[in-house]
Amino acid sequence: MWQLYSTHRDTGSPIKLGLDLQGGMHLVLEVDDSLGTLTPEARAAGIDQAEQVLRTRIDEFGVEEPLIQKSGAERLIVELAGISDPERARDIIQQAAFLEFKLVEVAALSEQQLARVDRAIVTSIGVDSLRALGRDVAGPTGDLAEVLFGGAEAGDSLASDSTAVADSAETAVQAEEAPNLRPFSSLLRIGGDAPGTYLVAEEDVETARMFLSMDAVQNALPRNLSLQWGNDRESQAARNYRRLFTLVDEAFMTGEYLEDAQAQRDPQFNQAIVNFQFNRAGGRLFSRFTGANVGEYLAIVLDGEVMSAPVIRDRIGASGQIEMTGAPIEEARDLALVLRAGALTTPLRIMEERTVGPSLGQDSIEQGEVAGIIGLVLVLVIMIGYYRMAGFLSIIALSVYLLLVMGGMAGMGATLTLPGIAGLILSVGMAVDANVLIFERIREELAAGRATRTAVDEGFGHALSAIVDANVTTLITALILFQFGTGPVRGFAVTLSIGIIASFFSAIYVTRTFFLLYLQGRKASDPISI
């Protein structure tokens with residue numbers, strides 16, 4: 001009773017409810033190996049690491065009693081009961097949170113390097129495919145800087161050139177103008193006050209991403225440089241742009257040295273920021289590198305996107321800051337959370353997702369209550385109608401049994417699920433079955449002419465072996481279900497196991513105690529109602 005009261009006081013319910021009863025989220029995750037490059041051992045190792053990282057993240061997220069367990073060697077099941085923001089939880093689970101620190105190459109790419117990238121795209125895709133994409137844009141006759149620094153006028157000029165090229169004969173385009181096409185560089189504008197960056201119009205970002213994902217383009221870039229997108233959108237001259245950074249490809253430092261991360265608001269600009277702290281080794285490395293690169297731009301890269309790229313004014317010690325321009329404080333808190341929990345070494349993809357709303361969970365509870373009440377009423381009527389006073393005593397013992405089960409679940413912190421309700425009702429039937437065995441043996445002893453008290457003692461004694469056999473075999477089955485089952489199956493096994501133990505105790509001890517109280521003051525020759 002005390003366990004039920006304390007659990008109700010802490011959670012608002014006498015027993016913790018599972019995903020299917022209070023609503024929530026069910027996810028099946030696996031390592032994202034779309035390229036097929038990982039071995040089964042690598043995928044299994046990725047799931048093991050993801051299990052530890054996600055457990056830390058979800059614990060900090062504040063979900064009560066989450067279920068995180070492996071299903072086989074390469075899948076992970078995550079159940080978050082009572083979650084109110086599934087989209088936010090999904091982002092926290094899937095975010096890799098791989099933090100890198102790279103230098104910005106302020107010289108950006110030369111005209112020759114950009115021309116090499118353009119030629120690689122033309123060679124890989126072909127003029128016809130570029131025309132279908134609307135990117136058969138001919139390069140300028142003069143310097144490429146006219147395109148990079150040009151605004152809308154340059155874009156209109158290029159569009160006119162594109163139309164002229166499209167109207168030409170196909171053979172002429174392929175033979176004469178293909179070497180001069182600028183499908184990628186025509187998307188770029190020099191990034192203004194941020195050296196080493198370009199601006200790409202928002203409507204062209206997907207096309208630029210497609211070009212950058214090509215192996216030929218990656219091979220055409222200088223070996224020590226990479227192009228990576230900025231995290232936020234920028235507005236200039238009534239147009240939206242995304243910034244593309246030219247970075248030194250090798251990160252001088254990663255988030256493995258991170259010791260702490262906390263979200264807060266910048267008191268000066270009132271924008272969300274994440275302050276992070278390195279451990280001692282990371283602090284020495286960061287201090288040494290920043291001291292040697294004063295005046296350079298340092299890019300803070302999270303999951304392949306540049307969060308910010310401040311200039312290094314002086315040597316920096318063991319702490320730093322990520323600016324979350326325009327982001328809400330909740331997003332900054334989530335970023336700090338995943339940084340503290342650590343990065344996922346391999347990305348995860350969602351194979352299955354189910355979301356149960358609170359109203360559906362309440363419907364399940366009500367249906368379970370109706371089923372339980374109907375079952376108990378039928379048991380009560382049959383037991384009292386057939387065994388009379390003895391049946392009434394068994395019903396009182398059954399009430400004690402239900403209190404034992406509920407208190408046991410509350411004390412163990414077990415979660416009640418919809419299959420768990422089925423297990424509970426099944427264990428009620430087993431508790432009644434034990435009483436039926438006892439009463440029938442007592443009837444046999446009375447029919448053999450034994451005294452009432454002797455018949456009761458012999459009945460309980462002779463029925464004990466059959467009750468033990470039935471309960472032990474069912475308990476073994478429940479334990480096997482718990483060991484090898486997942487989700488709902490384990491919920492069923494938990495309630496069934498607790499119910500079996502409670503039913504054995506109530507049948508052997510509670511019912512016997514009530515019988516002895518019933519026999520007090522009666523003569524040995526007096527008949528009993530059974």
# chains A, B, ... in the order shown; residues from 1 in each chain; ligands from 1
>>> residues_around(residues="region 284-299 of chain A", least_positions_apart="6", cutoff="8 Å", atoms="only C-alpha atoms", output="compact mmCIF listing (two decimals) with N, CA, C and O atoms, in the first residue's frame")
# COMPACT_ATOMS: atom_id res chain seq x y z
N PHE A 101 37.07 21.28 -35.41
CA PHE A 101 37.62 22.63 -35.47
C PHE A 101 38.60 22.69 -36.63
O PHE A 101 39.59 21.95 -36.67
N LYS A 102 38.29 23.57 -37.61
CA LYS A 102 39.10 23.66 -38.82
C LYS A 102 39.44 25.13 -39.11
O LYS A 102 38.68 26.04 -38.74
N LEU A 103 40.54 25.32 -39.81
CA LEU A 103 40.90 26.66 -40.26
C LEU A 103 40.19 26.99 -41.56
O LEU A 103 39.99 26.11 -42.41
N VAL A 104 39.79 28.26 -41.71
CA VAL A 104 39.22 28.74 -42.96
C VAL A 104 40.36 29.13 -43.90
O VAL A 104 41.29 29.85 -43.50
N VAL A 106 41.40 31.43 -46.29
CA VAL A 106 40.90 32.76 -46.67
C VAL A 106 41.10 33.05 -48.16
O VAL A 106 40.40 33.89 -48.73
N LEU A 247 37.47 25.38 -46.36
CA LEU A 247 38.15 24.99 -45.13
C LEU A 247 39.35 24.10 -45.42
O LEU A 247 39.36 23.35 -46.41
N MET A 253 41.36 19.47 -34.43
CA MET A 253 40.83 19.06 -33.14
C MET A 253 39.37 18.64 -33.30
O MET A 253 38.66 19.17 -34.16
N VAL A 306 29.11 24.40 -40.78
CA VAL A 306 29.85 25.40 -40.02
C VAL A 306 28.87 26.19 -39.17
O VAL A 306 27.99 26.89 -39.68
N MET A 307 29.02 26.07 -37.84
CA MET A 307 28.15 26.79 -36.92
C MET A 307 28.56 28.25 -36.79
O MET A 307 27.72 29.15 -36.71
N SER A 308 29.85 28.50 -36.76
CA SER A 308 30.38 29.86 -36.71
C SER A 308 31.84 29.82 -37.11
O SER A 308 32.48 28.76 -37.05
N ALA A 309 32.36 30.96 -37.53
CA ALA A 309 33.76 31.03 -37.96
C ALA A 309 34.37 32.35 -37.49
O ALA A 309 34.64 33.26 -38.29
N PRO A 310 34.61 32.48 -36.20
CA PRO A 310 35.17 33.73 -35.67
C PRO A 310 36.67 33.85 -35.99
O PRO A 310 37.35 32.85 -36.24
N VAL A 311 37.15 35.08 -35.97
CA VAL A 311 38.57 35.32 -36.16
C VAL A 311 39.29 35.09 -34.82
O VAL A 311 38.76 35.38 -33.75
N ILE A 312 40.49 34.54 -34.89
CA ILE A 312 41.28 34.28 -33.67
C ILE A 312 42.00 35.57 -33.31
O ILE A 312 42.97 35.97 -33.98
N ARG A 313 41.54 36.24 -32.28
CA ARG A 313 42.15 37.51 -31.87
C ARG A 313 43.38 37.29 -31.01
O ARG A 313 44.32 38.10 -31.03
N ASP A 314 43.40 36.22 -30.25
CA ASP A 314 44.50 35.96 -29.32
C ASP A 314 44.48 34.47 -28.99
O ASP A 314 43.58 33.73 -29.39
N ARG A 315 45.47 34.05 -28.24
CA ARG A 315 45.52 32.66 -27.81
C ARG A 315 44.28 32.34 -26.97
O ARG A 315 43.89 33.09 -26.07
N ILE A 316 43.61 31.21 -27.25
CA ILE A 316 42.40 30.80 -26.55
C ILE A 316 42.72 29.60 -25.70
O ILE A 316 43.41 28.68 -26.14
N GLY A 317 42.21 29.59 -24.47
CA GLY A 317 42.51 28.51 -23.54
C GLY A 317 41.62 27.30 -23.72
O GLY A 317 41.40 26.83 -24.84
N ALA A 318 41.03 26.83 -22.62
CA ALA A 318 40.31 25.55 -22.63
C ALA A 318 38.81 25.71 -22.85
O ALA A 318 38.06 24.80 -22.59
>>> select_by_dssp(residues="region 311-520 of chain A", states="alpha helix (DSSP H)", output="VMD selection string")
chain A and resid 329 to 341 358 to 387 389 to 412 418 to 447 452 to 484 488 to 505 511 to 519
>>> closest_residue(among="A:Leu404, A:Val127, A:Leu109, A:Ala390", to="Ser185 (chain A)", atoms="only C-alpha atoms")
A:Leu109
>>> residues_around(residues="Asp91 (chain A)", least_positions_apart="3", cutoff="12 Å", atoms="only C-alpha atoms", output="list in words")
Leu54, Arg57, Ile58, Phe61, Asp85, Pro86, Glu87, Arg88, Gln94, Gln95, Ala96, Ala97, Glu331, Asp334, Leu335, Leu337, Val338, Leu348, Arg349 and Ile350 of chain A
>>> write_last_selection(atoms="N, CA and C atoms", output="PDB file, in the first residue's frame")
ATOM      1  N   LEU A  54      22.954   7.123 -26.741  1.00  0.00           N
ATOM      2  CA  LEU A  54      21.539   7.478 -26.673  1.00  0.00           C
ATOM      3  C   LEU A  54      21.009   7.378 -25.257  1.00  0.00           C
ATOM      4  N   ARG A  57      21.999  10.605 -23.663  1.00  0.00           N
ATOM      5  CA  ARG A  57      21.232  11.732 -24.200  1.00  0.00           C
ATOM      6  C   ARG A  57      19.803  11.743 -23.674  1.00  0.00           C
ATOM      7  N   ILE A  58      19.156  10.591 -23.710  1.00  0.00           N
ATOM      8  CA  ILE A  58      17.748  10.531 -23.309  1.00  0.00           C
ATOM      9  C   ILE A  58      17.601  10.754 -21.811  1.00  0.00           C
ATOM     10  N   PHE A  61      17.700  14.311 -21.446  1.00  0.00           N
ATOM     11  CA  PHE A  61      16.502  14.910 -22.049  1.00  0.00           C
ATOM     12  C   PHE A  61      15.343  14.913 -21.072  1.00  0.00           C
ATOM     13  N   ASP A  85       7.077  16.093 -27.289  1.00  0.00           N
ATOM     14  CA  ASP A  85       7.610  16.713 -28.502  1.00  0.00           C
ATOM     15  C   ASP A  85       8.380  15.669 -29.298  1.00  0.00           C
ATOM     16  N   PRO A  86       7.685  14.835 -30.090  1.00  0.00           N
ATOM     17  CA  PRO A  86       8.360  13.757 -30.820  1.00  0.00           C
ATOM     18  C   PRO A  86       9.416  14.264 -31.799  1.00  0.00           C
ATOM     19  N   GLU A  87       9.176  15.406 -32.445  1.00  0.00           N
ATOM     20  CA  GLU A  87      10.127  15.921 -33.424  1.00  0.00           C
ATOM     21  C   GLU A  87      11.459  16.274 -32.755  1.00  0.00           C
ATOM     22  N   ARG A  88      11.375  16.908 -31.607  1.00  0.00           N
ATOM     23  CA  ARG A  88      12.597  17.269 -30.880  1.00  0.00           C
ATOM     24  C   ARG A  88      13.338  16.017 -30.413  1.00  0.00           C
ATOM     25  N   GLN A  94      18.838  11.228 -33.520  1.00  0.00           N
ATOM     26  CA  GLN A  94      19.532  11.013 -34.782  1.00  0.00           C
ATOM     27  C   GLN A  94      20.757  11.890 -34.982  1.00  0.00           C
ATOM     28  N   GLN A  95      20.858  12.991 -34.262  1.00  0.00           N
ATOM     29  CA  GLN A  95      21.976  13.896 -34.500  1.00  0.00           C
ATOM     30  C   GLN A  95      23.297  13.219 -34.146  1.00  0.00           C
ATOM     31  N   ALA A  96      24.249  13.284 -35.083  1.00  0.00           N
ATOM     32  CA  ALA A  96      25.550  12.645 -34.841  1.00  0.00           C
ATOM     33  C   ALA A  96      26.362  13.414 -33.806  1.00  0.00           C
ATOM     34  N   ALA A  97      26.278  14.756 -33.816  1.00  0.00           N
ATOM     35  CA  ALA A  97      26.986  15.615 -32.851  1.00  0.00           C
ATOM     36  C   ALA A  97      28.496  15.434 -32.942  1.00  0.00           C
ATOM     37  N   GLU A 331      16.880  24.932 -28.860  1.00  0.00           N
ATOM     38  CA  GLU A 331      17.806  24.298 -29.797  1.00  0.00           C
ATOM     39  C   GLU A 331      19.229  24.337 -29.263  1.00  0.00           C
ATOM     40  N   ASP A 334      19.493  21.652 -26.645  1.00  0.00           N
ATOM     41  CA  ASP A 334      19.600  20.328 -27.247  1.00  0.00           C
ATOM     42  C   ASP A 334      21.005  20.088 -27.790  1.00  0.00           C
ATOM     43  N   LEU A 335      21.599  21.122 -28.394  1.00  0.00           N
ATOM     44  CA  LEU A 335      22.965  20.983 -28.899  1.00  0.00           C
ATOM     45  C   LEU A 335      23.938  20.729 -27.755  1.00  0.00           C
ATOM     46  N   LEU A 337      23.253  19.379 -24.972  1.00  0.00           N
ATOM     47  CA  LEU A 337      22.976  18.034 -24.458  1.00  0.00           C
ATOM     48  C   LEU A 337      23.709  16.970 -25.275  1.00  0.00           C
ATOM     49  N   VAL A 338      23.583  17.028 -26.614  1.00  0.00           N
ATOM     50  CA  VAL A 338      24.211  15.992 -27.435  1.00  0.00           C
ATOM     51  C   VAL A 338      25.720  16.117 -27.429  1.00  0.00           C
ATOM     52  N   LEU A 348      22.616   6.956 -37.678  1.00  0.00           N
ATOM     53  CA  LEU A 348      21.499   6.032 -37.487  1.00  0.00           C
ATOM     54  C   LEU A 348      20.338   6.438 -38.388  1.00  0.00           C
ATOM     55  N   ARG A 349      19.600   5.451 -38.836  1.00  0.00           N
ATOM     56  CA  ARG A 349      18.375   5.748 -39.581  1.00  0.00           C
ATOM     57  C   ARG A 349      17.200   5.042 -38.903  1.00  0.00           C
ATOM     58  N   ILE A 350      16.037   5.642 -39.028  1.00  0.00           N
ATOM     59  CA  ILE A 350      14.831   5.117 -38.394  1.00  0.00           C
ATOM     60  C   ILE A 350      14.191   4.109 -39.343  1.00  0.00           C
TER      61      ILE A 350
END
>>> residues_around(residues="Gln321 (chain A)", least_positions_apart="4", cutoff="7 Å", atoms="only C-alpha atoms", output="list of chain:residue names")
A:Ile273, A:Val274, A:Asn275, A:Phe276
